[in-house]
$ cat my_file_14.cif   # mmCIF, C-alpha atoms
data_protein
#
loop_
_atom_site.group_PDB
_atom_site.id
_atom_site.type_symbol
_atom_site.label_atom_id
_atom_site.label_comp_id
_atom_site.auth_asym_id
_atom_site.auth_seq_id
_atom_site.Cartn_x
_atom_site.Cartn_y
_atom_site.Cartn_z
ATOM 1 C CA MET A 1 -11.972 -8.426 -12.879
ATOM 2 C CA SER A 2 -15.161 -10.428 -12.403
ATOM 3 C CA SER A 3 -13.553 -13.655 -13.619
ATOM 4 C CA ALA A 4 -10.866 -13.624 -10.925
ATOM 5 C CA ALA A 5 -10.071 -16.869 -9.138
ATOM 6 C CA ILE A 6 -11.198 -17.335 -5.541
ATOM 7 C CA PRO A 7 -8.357 -16.289 -3.202
ATOM 8 C CA GLU A 8 -6.816 -18.729 -0.732
ATOM 9 C CA VAL A 9 -7.078 -18.171 3.022
ATOM 10 C CA PHE A 10 -3.558 -17.622 4.286
ATOM 11 C CA THR A 11 -2.302 -17.691 7.884
ATOM 12 C CA ASP A 12 1.011 -17.978 9.675
ATOM 13 C CA ILE A 13 0.568 -18.554 13.401
ATOM 14 C CA THR A 14 4.232 -19.333 14.031
ATOM 15 C CA VAL A 15 5.011 -15.631 14.424
ATOM 16 C CA ASP A 16 3.803 -12.863 16.735
ATOM 17 C CA PRO A 17 1.914 -10.902 15.564
ATOM 18 C CA PHE A 18 0.570 -13.659 13.343
ATOM 19 C CA VAL A 19 -0.292 -13.201 9.691
ATOM 20 C CA ARG A 20 -3.884 -13.465 8.480
ATOM 21 C CA GLY A 21 -5.174 -12.687 5.041
ATOM 22 C CA LEU A 22 -6.200 -13.832 1.589
ATOM 23 C CA LEU A 23 -3.759 -14.882 -1.132
ATOM 24 C CA HIS A 24 -4.480 -14.247 -4.809
ATOM 25 C CA HIS A 25 -2.586 -16.604 -7.116
ATOM 26 C CA PRO A 26 -1.947 -15.358 -10.657
ATOM 27 C CA ALA A 27 -2.891 -17.581 -13.582
ATOM 28 C CA SER A 28 0.420 -16.709 -15.226
ATOM 29 C CA ALA A 29 2.964 -15.604 -12.627
ATOM 30 C CA ASN A 30 5.604 -12.964 -13.316
ATOM 31 C CA GLY A 31 7.511 -13.885 -10.143
ATOM 32 C CA ASN A 32 6.702 -10.670 -8.260
ATOM 33 C CA ALA A 33 4.483 -10.230 -5.203
ATOM 34 C CA LEU A 34 2.434 -7.443 -3.620
ATOM 35 C CA LEU A 35 1.375 -7.152 0.020
ATOM 36 C CA LEU A 36 -1.740 -5.000 0.507
ATOM 37 C CA THR A 37 -3.053 -3.595 3.784
ATOM 38 C CA HIS A 38 -6.092 -1.561 4.763
ATOM 39 C CA GLY A 39 -6.948 1.753 6.378
ATOM 40 C CA ALA A 40 -7.857 2.556 9.985
ATOM 41 C CA GLY A 41 -11.561 1.908 9.491
ATOM 42 C CA GLY A 42 -11.392 -1.165 7.278
ATOM 43 C CA ASN A 43 -9.973 -4.637 6.894
ATOM 44 C CA CYS A 44 -8.472 -6.799 4.176
ATOM 45 C CA ASN A 45 -11.920 -7.219 2.599
ATOM 46 C CA ALA A 46 -12.154 -3.528 1.711
ATOM 47 C CA PRO A 47 -13.557 -3.281 -1.843
ATOM 48 C CA LEU A 48 -10.585 -1.196 -3.007
ATOM 49 C CA LEU A 49 -8.112 -3.856 -1.862
ATOM 50 C CA ILE A 50 -10.133 -6.665 -3.446
ATOM 51 C CA ALA A 51 -10.304 -4.825 -6.773
ATOM 52 C CA LEU A 52 -6.577 -4.071 -6.723
ATOM 53 C CA ALA A 53 -5.669 -7.629 -5.730
ATOM 54 C CA GLU A 54 -7.726 -9.073 -8.588
ATOM 55 C CA THR A 55 -6.295 -6.590 -11.091
ATOM 56 C CA PHE A 56 -2.676 -7.186 -10.060
ATOM 57 C CA ALA A 57 -3.141 -10.974 -9.920
ATOM 58 C CA ALA A 58 -4.554 -10.875 -13.459
ATOM 59 C CA ALA A 59 -1.331 -9.106 -14.470
ATOM 60 C CA GLY A 60 0.850 -11.851 -12.972
ATOM 61 C CA TYR A 61 1.475 -10.699 -9.391
ATOM 62 C CA LEU A 62 1.046 -12.909 -6.341
ATOM 63 C CA VAL A 63 -1.015 -10.710 -3.993
ATOM 64 C CA LEU A 64 -1.569 -11.061 -0.250
ATOM 65 C CA ARG A 65 -4.126 -8.719 1.273
ATOM 66 C CA CYS A 66 -3.925 -9.041 5.025
ATOM 67 C CA ASP A 67 -5.406 -7.705 8.247
ATOM 68 C CA LEU A 68 -3.127 -5.606 10.409
ATOM 69 C CA PRO A 69 -2.692 -6.795 14.020
ATOM 70 C CA PHE A 70 -5.053 -4.145 15.433
ATOM 71 C CA ARG A 71 -7.809 -5.505 13.188
ATOM 72 C CA GLN A 72 -6.992 -9.073 14.153
ATOM 73 C CA ASP A 73 -7.521 -8.058 17.787
ATOM 74 C CA ARG A 74 -10.910 -6.417 17.259
ATOM 75 C CA PRO A 75 -13.310 -6.471 14.300
ATOM 76 C CA TYR A 76 -14.327 -2.800 14.494
ATOM 77 C CA GLY A 77 -12.905 0.561 15.433
ATOM 78 C CA PRO A 78 -9.708 2.431 14.600
ATOM 79 C CA PRO A 79 -6.231 1.546 15.858
ATOM 80 C CA GLY A 80 -5.280 2.825 19.294
ATOM 81 C CA PRO A 81 -2.356 5.144 20.060
ATOM 82 C CA PHE A 82 -0.099 2.210 20.950
ATOM 83 C CA ASP A 83 -1.027 -0.096 18.053
ATOM 84 C CA ALA A 84 1.252 1.329 15.361
ATOM 85 C CA LYS A 85 4.495 -0.363 16.422
ATOM 86 C CA ARG A 86 2.818 -3.784 16.600
ATOM 87 C CA ASP A 87 1.092 -3.199 13.267
ATOM 88 C CA ARG A 88 4.491 -2.572 11.670
ATOM 89 C CA ALA A 89 5.781 -5.795 13.224
ATOM 90 C CA GLY A 90 2.821 -7.563 11.635
ATOM 91 C CA LEU A 91 3.706 -6.058 8.254
ATOM 92 C CA ASN A 92 7.271 -7.271 8.642
ATOM 93 C CA ASN A 93 6.037 -10.787 9.418
ATOM 94 C CA ALA A 94 3.742 -10.750 6.392
ATOM 95 C CA LEU A 95 6.647 -9.710 4.165
ATOM 96 C CA ALA A 96 8.706 -12.573 5.563
ATOM 97 C CA ALA A 97 5.862 -14.993 4.804
ATOM 98 C CA LEU A 98 5.738 -13.791 1.194
ATOM 99 C CA ARG A 99 9.462 -14.015 0.491
ATOM 100 C CA PRO A 100 9.644 -17.806 -0.045
ATOM 101 C CA MET A 101 6.765 -17.567 -2.524
ATOM 102 C CA ALA A 102 8.207 -14.765 -4.675
ATOM 103 C CA GLN A 103 11.110 -15.355 -7.017
ATOM 104 C CA GLY A 104 11.200 -11.720 -8.102
ATOM 105 C CA ARG A 105 10.516 -8.473 -6.291
ATOM 106 C CA ILE A 106 8.167 -7.905 -3.362
ATOM 107 C CA PHE A 107 6.160 -4.678 -3.154
ATOM 108 C CA LEU A 108 4.426 -3.294 -0.077
ATOM 109 C CA GLY A 109 1.173 -1.391 -0.495
ATOM 110 C CA GLY A 110 -1.445 0.061 1.762
ATOM 111 C CA HIS A 111 -4.449 2.347 1.929
ATOM 112 C CA SER A 112 -4.286 5.355 4.275
ATOM 113 C CA TYR A 113 -3.168 4.112 7.730
ATOM 114 C CA GLY A 114 -1.855 0.865 6.244
ATOM 115 C CA GLY A 115 0.210 2.807 3.735
ATOM 116 C CA ARG A 116 1.533 5.163 6.377
ATOM 117 C CA GLN A 117 2.699 2.287 8.576
ATOM 118 C CA SER A 118 4.246 0.604 5.537
ATOM 119 C CA SER A 119 6.271 3.727 4.759
ATOM 120 C CA ILE A 120 7.358 4.130 8.379
ATOM 121 C CA LEU A 121 8.483 0.488 8.435
ATOM 122 C CA CYS A 122 10.664 1.055 5.382
ATOM 123 C CA ALA A 123 12.082 4.259 6.851
ATOM 124 C CA GLU A 124 12.828 2.612 10.200
ATOM 125 C CA GLN A 125 14.551 -0.386 8.663
ATOM 126 C CA HIS A 126 16.320 1.601 5.948
ATOM 127 C CA ASP A 127 14.384 -0.192 3.230
ATOM 128 C CA PRO A 128 13.735 -3.812 4.325
ATOM 129 C CA LEU A 129 12.673 -4.529 0.738
ATOM 130 C CA SER A 130 15.836 -3.319 -0.992
ATOM 131 C CA LYS A 131 17.358 -6.780 -1.536
ATOM 132 C CA LYS A 132 14.650 -7.437 -4.112
ATOM 133 C CA ASN A 133 14.638 -3.905 -5.513
ATOM 134 C CA ALA A 134 11.027 -3.495 -4.417
ATOM 135 C CA GLY A 135 8.954 -0.442 -3.651
ATOM 136 C CA LEU A 136 5.948 1.086 -1.953
ATOM 137 C CA LEU A 137 2.414 1.683 -3.284
ATOM 138 C CA LEU A 138 0.729 4.228 -1.004
ATOM 139 C CA LEU A 139 -2.986 4.771 -1.610
ATOM 140 C CA SER A 140 -4.551 7.958 -0.179
ATOM 141 C CA TYR A 141 -1.621 8.758 2.079
ATOM 142 C CA PRO A 142 -3.069 10.534 5.179
ATOM 143 C CA LEU A 143 -0.758 13.537 4.981
ATOM 144 C CA HIS A 144 -2.608 15.362 7.759
ATOM 145 C CA PRO A 145 -5.955 15.105 9.602
ATOM 146 C CA PRO A 146 -8.849 16.752 7.735
ATOM 147 C CA ARG A 147 -8.863 20.561 8.171
ATOM 148 C CA LYS A 148 -5.541 20.416 10.067
ATOM 149 C CA PRO A 149 -2.896 20.931 7.377
ATOM 150 C CA GLN A 150 -0.333 22.022 9.947
ATOM 151 C CA GLN A 151 -0.265 18.538 11.534
ATOM 152 C CA LEU A 152 1.845 16.874 8.852
ATOM 153 C CA ARG A 153 2.653 13.165 9.087
ATOM 154 C CA THR A 154 5.980 13.445 7.327
ATOM 155 C CA GLN A 155 8.513 13.055 10.137
ATOM 156 C CA HIS A 156 9.898 9.839 8.618
ATOM 157 C CA PHE A 157 10.046 11.076 5.016
ATOM 158 C CA PRO A 158 13.756 12.080 5.118
ATOM 159 C CA ASP A 159 14.621 8.477 6.063
ATOM 160 C CA LEU A 160 12.467 6.866 3.353
ATOM 161 C CA ARG A 161 14.801 5.396 0.750
ATOM 162 C CA THR A 162 12.331 3.022 -0.880
ATOM 163 C CA PRO A 163 10.996 3.983 -4.344
ATOM 164 C CA THR A 164 7.413 5.063 -3.711
ATOM 165 C CA LEU A 165 4.328 5.498 -5.892
ATOM 166 C CA PHE A 166 1.588 7.627 -4.301
ATOM 167 C CA VAL A 167 -2.039 7.533 -5.503
ATOM 168 C CA GLN A 168 -4.116 10.483 -4.290
ATOM 169 C CA GLY A 169 -7.656 11.651 -5.014
ATOM 170 C CA THR A 170 -8.034 15.306 -5.967
ATOM 171 C CA ARG A 171 -10.751 15.682 -3.304
ATOM 172 C CA ASP A 172 -8.960 13.905 -0.471
ATOM 173 C CA PRO A 173 -9.450 15.874 2.796
ATOM 174 C CA PHE A 174 -6.360 14.178 4.255
ATOM 175 C CA GLY A 175 -4.103 15.992 1.801
ATOM 176 C CA SER A 176 -4.312 17.598 -1.603
ATOM 177 C CA VAL A 177 -2.153 16.533 -4.523
ATOM 178 C CA ALA A 178 -0.287 19.843 -4.307
ATOM 179 C CA GLU A 179 0.363 19.405 -0.575
ATOM 180 C CA LEU A 180 1.595 15.877 -1.133
ATOM 181 C CA GLU A 181 3.913 16.857 -3.972
ATOM 182 C CA GLN A 182 5.408 19.586 -1.790
ATOM 183 C CA SER A 183 6.003 17.106 1.051
ATOM 184 C CA LEU A 184 7.695 14.609 -1.260
ATOM 185 C CA LYS A 185 10.636 16.976 -1.531
ATOM 186 C CA LEU A 186 11.632 15.542 1.861
ATOM 187 C CA ILE A 187 11.992 12.001 0.469
ATOM 188 C CA PRO A 188 15.451 11.154 -0.931
ATOM 189 C CA SER A 189 14.249 8.208 -3.033
ATOM 190 C CA LYS A 190 12.406 8.122 -6.353
ATOM 191 C CA THR A 191 8.736 9.134 -6.024
ATOM 192 C CA LYS A 192 5.701 9.817 -8.167
ATOM 193 C CA VAL A 193 2.171 11.045 -7.472
ATOM 194 C CA VAL A 194 -0.741 9.691 -9.508
ATOM 195 C CA SER A 195 -3.804 11.890 -9.074
ATOM 196 C CA ILE A 196 -7.306 10.447 -9.412
ATOM 197 C CA GLU A 197 -9.581 13.232 -10.623
ATOM 198 C CA GLY A 198 -12.689 13.800 -8.501
ATOM 199 C CA ALA A 199 -11.904 11.024 -6.015
ATOM 200 C CA GLY A 200 -11.926 11.397 -2.260
ATOM 201 C CA HIS A 201 -10.035 9.417 0.355
ATOM 202 C CA ASP A 202 -11.825 6.238 -0.781
ATOM 203 C CA LEU A 203 -10.504 6.563 -4.369
ATOM 204 C CA GLY A 204 -13.976 5.878 -5.757
ATOM 205 C CA PHE A 205 -14.773 2.873 -3.520
ATOM 206 C CA LYS A 206 -17.334 4.171 -1.029
ATOM 207 C CA GLY A 207 -20.344 2.168 0.068
ATOM 208 C CA LYS A 208 -21.681 0.390 -3.028
ATOM 209 C CA SER A 209 -19.778 2.706 -5.346
ATOM 210 C CA ARG A 210 -17.044 0.936 -7.316
ATOM 211 C CA SER A 211 -14.646 2.490 -9.785
ATOM 212 C CA GLU A 212 -13.986 0.138 -12.678
ATOM 213 C CA GLU A 213 -11.167 2.297 -14.015
ATOM 214 C CA VAL A 214 -9.053 3.171 -10.962
ATOM 215 C CA PRO A 215 -7.467 -0.292 -10.391
ATOM 216 C CA ASN A 216 -6.295 -0.448 -14.011
ATOM 217 C CA VAL A 217 -5.000 3.125 -13.873
ATOM 218 C CA ILE A 218 -3.016 2.260 -10.735
ATOM 219 C CA LEU A 219 -1.632 -0.921 -12.307
ATOM 220 C CA SER A 220 -0.555 0.939 -15.437
ATOM 221 C CA HIS A 221 1.320 3.613 -13.476
ATOM 222 C CA PHE A 222 2.743 0.987 -11.120
ATOM 223 C CA GLN A 223 4.215 -1.072 -13.953
ATOM 224 C CA ALA A 224 5.672 1.988 -15.668
ATOM 225 C CA PHE A 225 7.116 3.435 -12.453
ATOM 226 C CA PHE A 226 8.772 0.251 -11.216
ATOM 227 C CA SER A 227 9.954 -0.970 -14.610
ATOM 228 C CA THR A 228 12.791 1.557 -14.521
ATOM 229 C CA GLN A 229 15.942 1.056 -12.521
ATOM 230 C CA VAL A 230 16.424 4.689 -11.562
ATOM 231 C CA THR A 231 17.901 4.985 -8.062
ATOM 232 C CA ALA A 232 18.207 8.755 -7.864
ATOM 233 C CA GLY A 233 16.059 11.676 -8.893
ATOM 234 C CA ARG A 234 12.343 12.177 -8.604
ATOM 235 C CA VAL A 235 9.325 11.825 -10.818
ATOM 236 C CA SER A 236 6.261 13.705 -9.584
ATOM 237 C CA THR A 237 3.420 13.957 -12.080
ATOM 238 C CA SER A 238 -0.283 13.238 -12.290
#

$ encode --input "my_file_14.cif" --output "structure tokens"
Amino acid sequence: MSSAAIPEVFTDITVDPFVRGLLHHPASANGNALLLTHGAGGNCNAPLLIALAETFAAAGYLVLRCDLPFRQDRPYGPPGPFDAKRDRAGLNNALAALRPMAQGRIFLGGHSYGGRQSSILCAEQHDPLSKKNAGLLLLSYPLHPPRKPQQLRTQHFPDLRTPTLFVQGTRDPFGSVAELEQSLKLIPSKTKVVSIEGAGHDLGFKGKSRSEEVPNVILSHFQAFFSTQVTAGRVSTS
């Protein structure tokens, strides 16, 4: 991971919201691409996203990690109550920017808030990625606010028809692995939960702490999960 190439600054100001991020070019491309977005308190330079982008690029994926529109508007602070719709429009524009560069499938991934908005986008548009048989990578899905398990963020799950790989820490206050697996019964598409033992919402990337193993674990499960062409049924294991 340390020998990764320097990513390229990428922008598209011809659209609104515009696209801003960093593009990781693989040394040996497999034709597929991954769009990565951040959580409510971070940006595209979050250590978890950098580590994942470098790991996936080393495996042949073109990776764009980008700032959501709310983060483009202000450098600090969480998204406001009216930001979500515009953030999803920004995700859609970023996907459109990636399409000409990917000959294979395009995958959409995000940490916490970014992952939630990515899943809502796919549910709203009835799988905007389906033409390339792509899928979702949701890291630390914020199933509910901490200590408020009754406030589930699953209203869109019955409309989610995109194959989805969830990665959840066993100590995540935003939702336990068991709670998440129960909620996935609402999703009609193929799903799987990968549990990261002992990890919290940060998946081992908090402050100066960096997990050397988690990115490779995620890549391994990702490749196995999306290598199959199953369109019905569910896989839900750790």

$ closest_residue --input "my_file_14.cif" --among "A:Tyr76, A:Phe18, A:Phe56, A:Tyr141" --to "Ser176 of chain A" --atoms "only C-alpha atoms"
A:Tyr141

$ residues_around --input "my_file_14.cif" --residues "Ala46 of chain A" --least-positions-apart "6" --cutoff "10 Å" --atoms "only C-alpha atoms" --output "PyMOL selection string"
chain A and resi 37-39+65+111+205-206

$ resolve_selection --input "my_file_14.cif" --expression "the PyMOL selection byres ((chain A and resi 177) around 12)" --output "ChimeraX atom specification"
/A:140-143,166-176,178-184,192-201,236-238

$ resolve_selection --input "my_file_14.cif" --expression "the PyMOL selection byres ((chain A and resi 54) around 10)" --output "number ranges by chain"
A: 1-7, 24-26, 49-53, 55-59, 61-63, 215

$ resolve_selection --input "my_file_14.cif" --expression "the PyMOL selection byres ((chain A and resi 31) around 7)" --output "list in words"
Ala29, Asn30, Asn32, Ala33, Tyr61, Ala102, Gln103 and Gly104 of chain A

$ closest_residue --input "my_file_14.cif" --among "A:Ser189, A:Asn45, A:Thr11, A:Ser28" --to "Gly90 of chain A" --atoms "all atoms listed in the file"
A:Thr11

$ closest_residue --input "my_file_14.cif" --among "A:Leu68, A:Ala96, A:Leu152, A:Met101" --to "Ser118 of chain A" --atoms "only C-alpha atoms"
A:Leu68

$ atom_distance --input "my_file_14.cif" --atom1 "atom CA of Leu219 of chain A" --atom2 "atom CA of Ser112 of chain A"
17.9 Å

$ residues_near_point --input "my_file_14.cif" --point "(16.3, 5.3, 7.7)" --cutoff "8 Å" --atoms "all atoms listed in the file" --output "VMD selection string"
chain A and resid 122 to 127 156 158 to 161

$ atom_distance --input "my_file_14.cif" --atom1 "atom CA of Asn92 of chain A" --atom2 "atom CA of Gln72 of chain A"
15.4 Å

$ atom_distance --input "my_file_14.cif" --atom1 "atom CA of Ala40 of chain A" --atom2 "atom CA of Pro149 of chain A"
19.2 Å

$ closest_residue --input "my_file_14.cif" --among "A:Ser211, A:Gln150, A:Pro75, A:Ser119" --to "Ile187 of chain A" --atoms "all atoms listed in the file"
A:Ser119

$ axis_aligned_box --input "my_file_14.cif" --around "segment 216-227 of chain A" --padding-each-side "8 Å" --output "lines of an AutoDock Vina configuration file"
center_x = 1.8
center_y = 1.3
center_z = -13.2
size_x = 32.2
size_y = 20.7
size_z = 20.9

$ closest_residue --input "my_file_14.cif" --among "A:Gln155, A:Asp202, A:Gly42, A:Leu34" --to "Phe222 of chain A" --atoms "all atoms listed in the file"
A:Leu34

$ closest_residue --input "my_file_14.cif" --among "A:Leu121, A:Thr154, A:Gly41, A:Cys66" --to "Lys185 of chain A" --atoms "all atoms listed in the file"
A:Thr154

$ residues_around --input "my_file_14.cif" --residues "Asn93 of chain A" --least-positions-apart "5" --cutoff "8 Å" --atoms "all atoms listed in the file" --output "PyMOL selection string"
chain A and resi 15-19

$ decode --input "my_file_14.cif" --residues "segment 99-131 of chain A" --atoms "C-alpha atoms" --output "tab-separated table (two decimals), in the first residue's frame"
chain	number	residue	atom	x	y	z
A	99	ARG	CA	-18.55	5.95	-17.03
A	100	PRO	CA	-16.41	7.01	-20.03
A	101	MET	CA	-13.29	5.85	-18.19
A	102	ALA	CA	-14.54	2.37	-17.25
A	103	GLN	CA	-14.91	-0.37	-19.82
A	104	GLY	CA	-16.27	-2.82	-17.26
A	105	ARG	CA	-18.47	-2.42	-14.22
A	106	ILE	CA	-18.78	0.63	-11.97
A	107	PHE	CA	-19.23	0.17	-8.22
A	108	LEU	CA	-20.45	2.79	-5.76
A	109	GLY	CA	-19.05	2.80	-2.24
A	110	GLY	CA	-19.27	5.01	0.78
A	111	HIS	CA	-18.55	5.26	4.48
A	112	SER	CA	-21.48	5.91	6.84
A	113	TYR	CA	-23.44	8.93	5.50
A	114	GLY	CA	-21.83	8.57	2.07
A	115	GLY	CA	-22.86	4.93	1.93
A	116	ARG	CA	-26.38	5.70	3.06
A	117	GLN	CA	-26.85	8.32	0.35
A	118	SER	CA	-25.37	5.93	-2.21
A	119	SER	CA	-27.92	3.26	-1.28
A	120	ILE	CA	-30.80	5.74	-1.35
A	121	LEU	CA	-29.69	6.91	-4.81
A	122	CYS	CA	-29.79	3.34	-6.11
A	123	ALA	CA	-33.18	2.74	-4.51
A	124	GLU	CA	-34.62	5.97	-5.92
A	125	GLN	CA	-33.39	5.32	-9.43
A	126	HIS	CA	-34.13	1.59	-9.37
A	127	ASP	CA	-30.46	0.75	-9.69
A	128	PRO	CA	-28.74	3.40	-11.86
A	129	LEU	CA	-25.73	1.07	-12.03
A	130	SER	CA	-27.53	-2.00	-13.37
A	131	LYS	CA	-26.45	-1.56	-17.01
